[in-house]
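Shown here: input-v4.cif, mmCIF, C-alpha atoms, pLDDT in the B column; chains and numbers go by the auth columns.
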```cif
data_work
#
loop_
_atom_site.group_PDB
_atom_site.id
_atom_site.type_symbol
_atom_site.label_atom_id
_atom_site.label_comp_id
_atom_site.label_asym_id
_atom_site.label_seq_id
_atom_site.Cartn_x
_atom_site.Cartn_y
_atom_site.Cartn_z
_atom_site.B_iso_or_equiv
_atom_site.auth_seq_id
_atom_site.auth_asym_id
ATOM 1 C CA MET A 1 39.955 27.736 12.034 42.00 1 D
ATOM 2 C CA LYS A 2 40.510 24.300 10.501 41.00 2 D
ATOM 3 C CA LYS A 3 42.633 22.836 13.318 42.00 3 D
ATOM 4 C CA PRO A 4 39.845 22.018 15.833 41.00 4 D
ATOM 5 C CA ILE A 5 37.805 20.326 13.109 41.00 5 D
ATOM 6 C CA ILE A 6 40.797 18.346 11.854 38.00 6 D
ATOM 7 C CA PHE A 7 41.502 17.288 15.443 35.00 7 D
ATOM 8 C CA LEU A 8 37.866 16.180 15.791 36.00 8 D
ATOM 9 C CA LEU A 9 38.223 14.203 12.591 37.00 9 D
ATOM 10 C CA LEU A 10 41.337 12.464 13.902 36.00 10 D
ATOM 11 C CA LEU A 11 39.658 11.803 17.232 36.00 11 D
ATOM 12 C CA CYS A 12 36.635 10.172 15.590 40.00 12 D
ATOM 13 C CA SER A 13 38.826 8.051 13.344 38.00 13 D
ATOM 14 C CA GLY A 14 40.646 6.623 16.377 37.00 14 D
ATOM 15 C CA LEU A 15 44.014 8.240 15.635 35.00 15 D
ATOM 16 C CA VAL A 16 43.856 10.513 18.698 35.00 16 D
ATOM 17 C CA THR A 17 42.878 9.402 22.212 36.00 17 D
ATOM 18 C CA PHE A 18 42.072 11.225 25.423 36.00 18 D
ATOM 19 C CA GLY A 19 43.157 10.270 28.932 37.00 19 D
ATOM 20 C CA GLN A 20 44.727 6.936 28.066 39.00 20 D
ATOM 21 C CA LYS A 21 48.029 5.642 26.813 40.00 21 D
ATOM 22 C CA SER A 22 48.288 4.353 23.304 39.00 22 D
ATOM 23 C CA ASP A 23 48.093 0.578 23.182 43.00 23 D
ATOM 24 C CA SER A 24 49.161 -1.033 19.947 40.00 24 D
ATOM 25 C CA THR A 25 47.301 -4.219 20.846 41.00 25 D
ATOM 26 C CA VAL A 26 43.933 -2.432 20.862 39.00 26 D
ATOM 27 C CA LYS A 27 42.221 -2.681 17.492 42.00 27 D
ATOM 28 C CA ARG A 28 40.303 0.419 16.531 41.00 28 D
ATOM 29 C CA LYS A 29 37.684 0.518 13.827 45.00 29 D
ATOM 30 C CA PRO A 30 38.303 3.736 11.888 47.00 30 D
ATOM 31 C CA VAL A 31 35.561 5.900 10.477 45.00 31 D
ATOM 32 C CA ASN A 32 34.952 5.264 6.794 48.00 32 D
ATOM 33 C CA LEU A 33 36.510 8.462 5.438 46.00 33 D
ATOM 34 C CA ASP A 34 34.833 7.958 2.063 49.00 34 D
ATOM 35 C CA SER A 35 31.489 8.583 3.752 47.00 35 D
ATOM 36 C CA ILE A 36 32.469 12.014 5.094 48.00 36 D
ATOM 37 C CA HIS A 37 31.079 14.914 3.103 50.00 37 D
ATOM 38 C CA VAL A 38 32.882 18.255 3.329 48.00 38 D
ATOM 39 C CA VAL A 39 30.960 21.463 2.668 49.00 39 D
ATOM 40 C CA ARG A 40 32.803 24.795 2.318 48.00 40 D
ATOM 41 C CA LEU A 41 30.726 27.702 3.635 50.00 41 D
ATOM 42 C CA VAL A 42 31.634 31.324 2.870 46.00 42 D
ATOM 43 C CA ILE A 43 30.925 33.549 5.872 52.00 43 D
ATOM 44 C CA ASP A 44 32.074 36.938 4.578 53.00 44 D
ATOM 45 C CA THR A 45 32.474 37.595 0.853 57.00 45 D
ATOM 46 C CA THR A 46 34.613 40.701 1.420 65.00 46 D
ATOM 47 C CA THR A 47 37.289 38.926 3.459 65.00 47 D
ATOM 48 C CA ASN A 48 36.544 35.492 2.005 63.00 48 D
ATOM 49 C CA ASP A 49 36.373 33.997 5.528 62.00 49 D
ATOM 50 C CA THR A 50 35.246 30.418 5.334 59.00 50 D
ATOM 51 C CA PHE A 51 34.826 27.372 7.490 55.00 51 D
ATOM 52 C CA PHE A 52 34.315 23.724 6.671 56.00 52 D
ATOM 53 C CA VAL A 53 31.429 21.548 7.812 54.00 53 D
ATOM 54 C CA TYR A 54 32.133 17.818 8.078 52.00 54 D
ATOM 55 C CA GLU A 55 29.112 15.568 7.757 53.00 55 D
ATOM 56 C CA PHE A 56 29.757 12.084 9.196 50.00 56 D
ATOM 57 C CA GLU A 57 27.781 8.927 8.612 51.00 57 D
ATOM 58 C CA GLU A 58 25.646 7.954 11.606 51.00 58 D
ATOM 59 C CA LEU A 59 27.764 6.277 14.276 49.00 59 D
ATOM 60 C CA ALA A 60 26.452 3.924 16.921 53.00 60 D
ATOM 61 C CA LEU A 61 28.679 3.205 19.897 54.00 61 D
ATOM 62 C CA MET A 62 28.152 -0.346 21.065 63.00 62 D
ATOM 63 C CA ASP A 63 30.170 -1.038 24.158 69.00 63 D
ATOM 64 C CA PHE A 64 28.828 -3.815 26.366 81.00 64 D
ATOM 65 C CA ALA A 65 30.024 -3.872 29.957 84.00 65 D
ATOM 66 C CA THR A 66 29.055 -7.511 30.443 90.00 66 D
ATOM 67 C CA LYS A 67 28.288 -10.605 28.408 90.00 67 D
ATOM 68 C CA GLU A 68 24.711 -10.404 29.705 93.00 68 D
ATOM 69 C CA GLN A 69 24.274 -6.940 28.176 91.00 69 D
ATOM 70 C CA ARG A 70 25.642 -8.175 24.854 91.00 70 D
ATOM 71 C CA ASP A 71 23.355 -11.233 24.869 93.00 71 D
ATOM 72 C CA GLU A 72 20.370 -9.046 25.779 94.00 72 D
ATOM 73 C CA TYR A 73 21.085 -6.718 22.864 94.00 73 D
ATOM 74 C CA PHE A 74 21.314 -9.533 20.329 94.00 74 D
ATOM 75 C CA ARG A 75 18.107 -11.064 21.708 96.00 75 D
ATOM 76 C CA LEU A 76 16.490 -7.711 21.010 96.00 76 D
ATOM 77 C CA VAL A 77 17.878 -7.788 17.459 95.00 77 D
ATOM 78 C CA HIS A 78 16.349 -11.254 16.967 96.00 78 D
ATOM 79 C CA ASN A 79 13.001 -10.147 18.423 96.00 79 D
ATOM 80 C CA VAL A 80 12.783 -6.977 16.330 97.00 80 D
ATOM 81 C CA LYS A 81 13.523 -8.921 13.151 96.00 81 D
ATOM 82 C CA LYS A 82 10.840 -11.455 14.054 95.00 82 D
ATOM 83 C CA VAL A 83 8.098 -9.108 15.296 94.00 83 D
ATOM 84 C CA LEU A 84 8.398 -6.017 13.077 95.00 84 D
ATOM 85 C CA PRO A 85 6.953 -7.666 9.919 94.00 85 D
ATOM 86 C CA TYR A 86 3.783 -8.543 11.864 91.00 86 D
ATOM 87 C CA ALA A 87 3.506 -5.001 13.241 91.00 87 D
ATOM 88 C CA LYS A 88 3.867 -3.601 9.725 93.00 88 D
ATOM 89 C CA LEU A 89 1.259 -6.007 8.420 89.00 89 D
ATOM 90 C CA ALA A 90 -1.078 -5.047 11.262 85.00 90 D
ATOM 91 C CA ALA A 91 -0.646 -1.370 10.347 89.00 91 D
ATOM 92 C CA PHE A 92 -1.385 -2.154 6.689 91.00 92 D
ATOM 93 C CA ARG A 93 -4.490 -4.177 7.572 87.00 93 D
ATOM 94 C CA ILE A 94 -5.779 -1.474 9.918 86.00 94 D
ATOM 95 C CA GLN A 95 -5.253 1.238 7.305 89.00 95 D
ATOM 96 C CA MET A 96 -6.974 -0.896 4.649 90.00 96 D
ATOM 97 C CA MET A 97 -9.864 -1.597 7.037 88.00 97 D
ATOM 98 C CA GLU A 98 -10.275 2.114 7.813 89.00 98 D
ATOM 99 C CA ASP A 99 -10.301 2.958 4.105 91.00 99 D
ATOM 100 C CA ASN A 100 -12.936 0.317 3.401 91.00 100 D
ATOM 101 C CA LEU A 101 -15.058 1.344 6.383 89.00 101 D
ATOM 102 C CA HIS A 102 -15.302 4.856 4.936 90.00 102 D
ATOM 103 C CA LEU A 103 -16.992 3.329 1.904 92.00 103 D
ATOM 104 C CA LEU A 104 -19.678 1.649 4.036 91.00 104 D
ATOM 105 C CA THR A 105 -22.621 3.683 5.296 89.00 105 D
ATOM 106 C CA ASP A 106 -24.642 0.962 7.011 91.00 106 D
ATOM 107 C CA GLU A 107 -23.607 0.292 10.627 91.00 107 D
ATOM 108 C CA LYS A 108 -24.482 -3.402 10.409 91.00 108 D
ATOM 109 C CA ALA A 109 -22.327 -3.752 7.320 92.00 109 D
ATOM 110 C CA LYS A 110 -19.460 -2.038 9.138 90.00 110 D
ATOM 111 C CA ALA A 111 -19.759 -4.347 12.156 88.00 111 D
ATOM 112 C CA LYS A 112 -19.880 -7.403 9.864 90.00 112 D
ATOM 113 C CA TYR A 113 -16.815 -6.218 7.943 89.00 113 D
ATOM 114 C CA ILE A 114 -14.835 -5.653 11.168 86.00 114 D
ATOM 115 C CA LYS A 115 -15.678 -9.171 12.397 85.00 115 D
ATOM 116 C CA GLU A 116 -14.733 -10.733 9.064 88.00 116 D
ATOM 117 C CA THR A 117 -11.423 -8.853 8.982 85.00 117 D
ATOM 118 C CA GLU A 118 -10.638 -9.861 12.555 82.00 118 D
ATOM 119 C CA LYS A 119 -11.377 -13.520 11.753 83.00 119 D
ATOM 120 C CA ALA A 120 -9.181 -13.427 8.642 83.00 120 D
ATOM 121 C CA ILE A 121 -6.279 -11.991 10.634 79.00 121 D
ATOM 122 C CA LYS A 122 -6.699 -14.587 13.387 78.00 122 D
ATOM 123 C CA ASP A 123 -6.844 -17.450 10.908 81.00 123 D
ATOM 124 C CA GLU A 124 -3.714 -16.250 9.147 78.00 124 D
ATOM 125 C CA PHE A 125 -1.472 -15.256 12.034 76.00 125 D
ATOM 126 C CA MET A 126 -2.781 -16.493 15.368 77.00 126 D
ATOM 127 C CA GLU A 127 -0.832 -19.765 15.347 79.00 127 D
ATOM 128 C CA THR A 128 2.435 -17.940 14.704 81.00 128 D
ATOM 129 C CA MET A 129 1.801 -15.195 17.238 80.00 129 D
ATOM 130 C CA LYS A 130 0.762 -17.694 19.920 80.00 130 D
ATOM 131 C CA ASN A 131 4.381 -18.819 19.871 86.00 131 D
ATOM 132 C CA PHE A 132 5.659 -15.331 20.658 88.00 132 D
ATOM 133 C CA SER A 133 7.520 -15.059 23.950 89.00 133 D
ATOM 134 C CA ARG A 134 6.386 -12.512 26.546 88.00 134 D
ATOM 135 C CA SER A 135 9.147 -10.098 25.506 92.00 135 D
ATOM 136 C CA GLN A 136 8.119 -10.458 21.861 91.00 136 D
ATOM 137 C CA GLY A 137 4.504 -9.747 22.799 88.00 137 D
ATOM 138 C CA LEU A 138 5.508 -6.589 24.671 91.00 138 D
ATOM 139 C CA LEU A 139 7.617 -5.553 21.706 93.00 139 D
ATOM 140 C CA MET A 140 4.672 -6.134 19.369 91.00 140 D
ATOM 141 C CA ILE A 141 2.552 -3.680 21.364 91.00 141 D
ATOM 142 C CA LYS A 142 5.251 -1.011 21.082 94.00 142 D
ATOM 143 C CA LEU A 143 5.857 -1.614 17.382 94.00 143 D
ATOM 144 C CA ILE A 144 2.152 -1.463 16.552 91.00 144 D
ATOM 145 C CA HIS A 145 2.125 2.022 18.083 93.00 145 D
ATOM 146 C CA ARG A 146 5.231 2.910 16.057 95.00 146 D
ATOM 147 C CA GLU A 147 3.652 1.750 12.806 94.00 147 D
ATOM 148 C CA CYS A 148 0.056 2.880 13.365 91.00 148 D
ATOM 149 C CA GLY A 149 0.464 6.001 15.457 92.00 149 D
ATOM 150 C CA LYS A 150 -2.136 4.504 17.824 91.00 150 D
ATOM 151 C CA THR A 151 -1.779 2.287 20.857 92.00 151 D
ATOM 152 C CA THR A 152 -3.246 -1.207 20.813 89.00 152 D
ATOM 153 C CA TYR A 153 -5.721 0.037 23.434 90.00 153 D
ATOM 154 C CA GLU A 154 -6.928 2.844 21.139 91.00 154 D
ATOM 155 C CA ILE A 155 -7.264 0.485 18.177 87.00 155 D
ATOM 156 C CA LEU A 156 -9.271 -2.060 20.173 85.00 156 D
ATOM 157 C CA LYS A 157 -11.510 0.580 21.693 87.00 157 D
ATOM 158 C CA GLY A 158 -12.195 2.078 18.282 85.00 158 D
ATOM 159 C CA TYR A 159 -13.277 -1.208 16.703 81.00 159 D
ATOM 160 C CA ARG A 160 -14.314 -3.555 19.513 77.00 160 D
ATOM 161 C CA GLY A 161 -15.804 -1.207 22.113 76.00 161 D
ATOM 162 C CA SER A 162 -14.980 -0.362 25.730 73.00 162 D
ATOM 163 C CA VAL A 163 -16.098 -3.635 27.339 66.00 163 D
ATOM 164 C CA GLU A 164 -13.925 -5.927 25.199 73.00 164 D
ATOM 165 C CA THR A 165 -11.023 -3.480 25.434 78.00 165 D
ATOM 166 C CA PHE A 166 -11.265 -3.529 29.238 73.00 166 D
ATOM 167 C CA TYR A 167 -11.194 -7.347 29.161 64.00 167 D
ATOM 168 C CA TRP A 168 -8.041 -7.477 27.019 73.00 168 D
ATOM 169 C CA SER A 169 -6.388 -4.752 29.100 81.00 169 D
ATOM 170 C CA ALA A 170 -7.028 -6.754 32.287 75.00 170 D
ATOM 171 C CA PHE A 171 -5.689 -9.889 30.573 64.00 171 D
ATOM 172 C CA ALA A 172 -2.518 -8.062 29.493 79.00 172 D
ATOM 173 C CA ALA A 173 -2.045 -6.683 33.021 80.00 173 D
ATOM 174 C CA MET A 174 -1.766 -10.252 34.328 69.00 174 D
ATOM 175 C CA TYR A 175 1.488 -10.444 32.345 65.00 175 D
ATOM 176 C CA ASN A 176 2.668 -7.011 33.512 80.00 176 D
ATOM 177 C CA ALA A 177 1.866 -5.599 30.081 85.00 177 D
ATOM 178 C CA SER A 178 -0.154 -2.574 29.068 90.00 178 D
ATOM 179 C CA LEU A 179 -2.071 -2.154 25.837 90.00 179 D
ATOM 180 C CA LYS A 180 -1.432 1.564 26.252 91.00 180 D
ATOM 181 C CA SER A 181 2.331 1.124 25.838 92.00 181 D
ATOM 182 C CA GLU A 182 3.798 3.582 23.367 94.00 182 D
ATOM 183 C CA PHE A 183 6.930 3.510 21.263 95.00 183 D
ATOM 184 C CA ASP A 184 9.276 6.298 22.341 94.00 184 D
ATOM 185 C CA PRO A 185 12.241 6.796 19.964 91.00 185 D
ATOM 186 C CA ILE A 186 14.263 8.271 22.853 92.00 186 D
ATOM 187 C CA ILE A 187 13.609 5.537 25.411 93.00 187 D
ATOM 188 C CA ASP A 188 13.456 2.806 22.751 94.00 188 D
ATOM 189 C CA TYR A 189 16.499 4.092 20.872 92.00 189 D
ATOM 190 C CA GLN A 190 18.000 0.607 20.584 93.00 190 D
ATOM 191 C CA ILE A 191 14.925 -0.667 18.743 95.00 191 D
ATOM 192 C CA GLU A 192 15.031 2.298 16.361 94.00 192 D
ATOM 193 C CA MET A 193 18.774 1.810 15.864 92.00 193 D
ATOM 194 C CA ILE A 194 18.291 -1.896 15.061 94.00 194 D
ATOM 195 C CA ILE A 195 15.552 -1.119 12.517 95.00 195 D
ATOM 196 C CA LYS A 196 17.825 1.340 10.717 92.00 196 D
ATOM 197 C CA LYS A 197 21.003 -0.721 11.052 91.00 197 D
ATOM 198 C CA TYR A 198 19.448 -3.814 9.478 92.00 198 D
ATOM 199 C CA ASN A 199 17.314 -1.877 6.931 93.00 199 D
ATOM 200 C CA LEU A 200 14.053 -3.302 8.279 93.00 200 D
ATOM 201 C CA GLU A 201 11.855 -0.431 7.108 86.00 201 D
#
```

As structure tokens, how would this structure be written, given the file I've shared?
Amino acid sequence: MKKPIIFLLLLCSGLVTFGQKSDSTVKRKPVNLDSIHVVRLVIDTTTNDTFFVYEFEELALMDFATKEQRDEYFRLVHNVKKVLPYAKLAAFRIQMMEDNLHLLTDEKAKAKYIKETEKAIKDEFMETMKNFSRSQGLLMIKLIHRECGKTTYEILKGYRGSVETFYWSAFAAMYNASLKSEFDPIIDYQIEMIIKKYNLE
């Protein structure tokens, strides 16, 4: 019962290979065996049949076919590190604004508060964000959805109305961008992996 699991363990640690000859010049990075947790599960108490469950640390296979792919990945790392703090701050500001709006009953006071908040955000961050590249801008739209649970389109429509949202959507379309872009952890797995790998949460 243990043999297949032991073989899997050896395979993951780089001591066993499939379909290729052993090459002593190839350096293999072994799995950190200290991070493997072994749990012994009893299946039948009368016969004392058991099997072992091996819990590995999360592994990410990073094999780049070309230098271009490698460079593209590390550009993404740079962009995520640069853009994510602003997306998180945007999520915090939006949540704070929603909480404060619930305390206001007068519609004029709400509209005034939204304008003041928007101005404060522009004054604080607009100069920095104007220097974002196109790819960083597209990433920002995705990360705002990841942090807020709403697309940029939905946020704008909720606070600025349909007309202004349509204007900004048309403006974004000129750059082949969509304010309705969503973060998909399956499609955008590299972004999610980078966030976890570099502890950016």

**Study point:** One-decimal distance in Å that lies between atom CA of D:Asp188 and atom CA of D:Leu138
**Key:**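 So the two atoms, atom CA of D:Leu138 and atom CA of D:Asp188, lie 12.5 Å apart.
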
Exercise for review: Figure out the distance between atom CA of D:Arg134 and atom CA of D:Glu201, please, to one decimal in Å.
Suggested key: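 One can read the atom CA of D:Glu201 to atom CA of D:Arg134 distance as 23.5 Å.
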
**Study point:** Selection result of the PyMOL selection byres ((chain D and resi 195) around 12) on this file, as an MDAnalysis selection string
**Key:** chainID D and resid 76:85 143 146 185 188:194 196:201

**Study point:** Point-to-point distance from atom CA of D:Ile141 to atom CA of D:Leu179, Å rounded to tenths
**Key:**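 According to the coordinates, atom CA of D:Ile141 and atom CA of D:Leu179 are separated by 6.6 Å.
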
Skip D:Ala172 itself and residues of its chain fewer than 4 positions away, then list as a JSON list (two decimals) with C-alpha atoms, keeping the file's coordinate frame all residues within 12 Å of it, counting only C-alpha atoms.
```json
[["chain", "number", "residue", "atom", "x", "y", "z"],
["D", 134, "ARG", "CA", 6.39, -12.51, 26.55],
["D", 137, "GLY", "CA", 4.50, -9.75, 22.80],
["D", 138, "LEU", "CA", 5.51, -6.59, 24.67],
["D", 141, "ILE", "CA", 2.55, -3.68, 21.36],
["D", 152, "THR", "CA", -3.25, -1.21, 20.81],
["D", 153, "TYR", "CA", -5.72, 0.04, 23.43],
["D", 165, "THR", "CA", -11.02, -3.48, 25.43],
["D", 166, "PHE", "CA", -11.26, -3.53, 29.24],
["D", 167, "TYR", "CA", -11.19, -7.35, 29.16],
["D", 168, "TRP", "CA", -8.04, -7.48, 27.02],
["D", 176, "ASN", "CA", 2.67, -7.01, 33.51],
["D", 177, "ALA", "CA", 1.87, -5.60, 30.08],
["D", 178, "SER", "CA", -0.15, -2.57, 29.07],
["D", 179, "LEU", "CA", -2.07, -2.15, 25.84],
["D", 180, "LYS", "CA", -1.43, 1.56, 26.25],
["D", 181, "SER", "CA", 2.33, 1.12, 25.84]]
```

Check your understanding: So which residues touch D:Gln95 within 10 Å, counting all atoms listed in the file, skipping near sequence neighbours fewer than 6 positions away, as a PyMOL selection string?
Key -> chain D and resi 89+101+148

Keeping only C-alpha atoms, take the residues you just selected and write them out as a compact mmCIF listing (two decimals), keeping the file's coordinate frame.
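Dumped everything to selection.txt:
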```txt
# COMPACT_ATOMS: atom_id res chain seq x y z
CA LEU D 89 1.26 -6.01 8.42
CA LEU D 101 -15.06 1.34 6.38
CA CYS D 148 0.06 2.88 13.36
```

Review point. With only C-alpha atoms as the basis for distance, which of D:Ile114, D:Ile187, D:Leu104, D:Ala109 is at the shortest distance from D:Gly161?
Key: D:Ile114

Practice item. Please provide the set of residues having any atom within 8 Å of D:Lys88, restricted to all atoms listed in the file, with same-chain residues fewer than 4 positions apart removed, written as a list in words. Key: Leu84, Phe92, Ile144 and Glu147 of chain D

Point to revise | Proximity to D:Asp184 - best of D:Gln136, D:Gly149, D:Ser169, D:Glu124, all atoms listed in the file | key: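 Going through D:Gln136, D:Gly149, D:Ser169, D:Glu124 one by one, the smallest distance to D:Asp184 is for D:Gly149.
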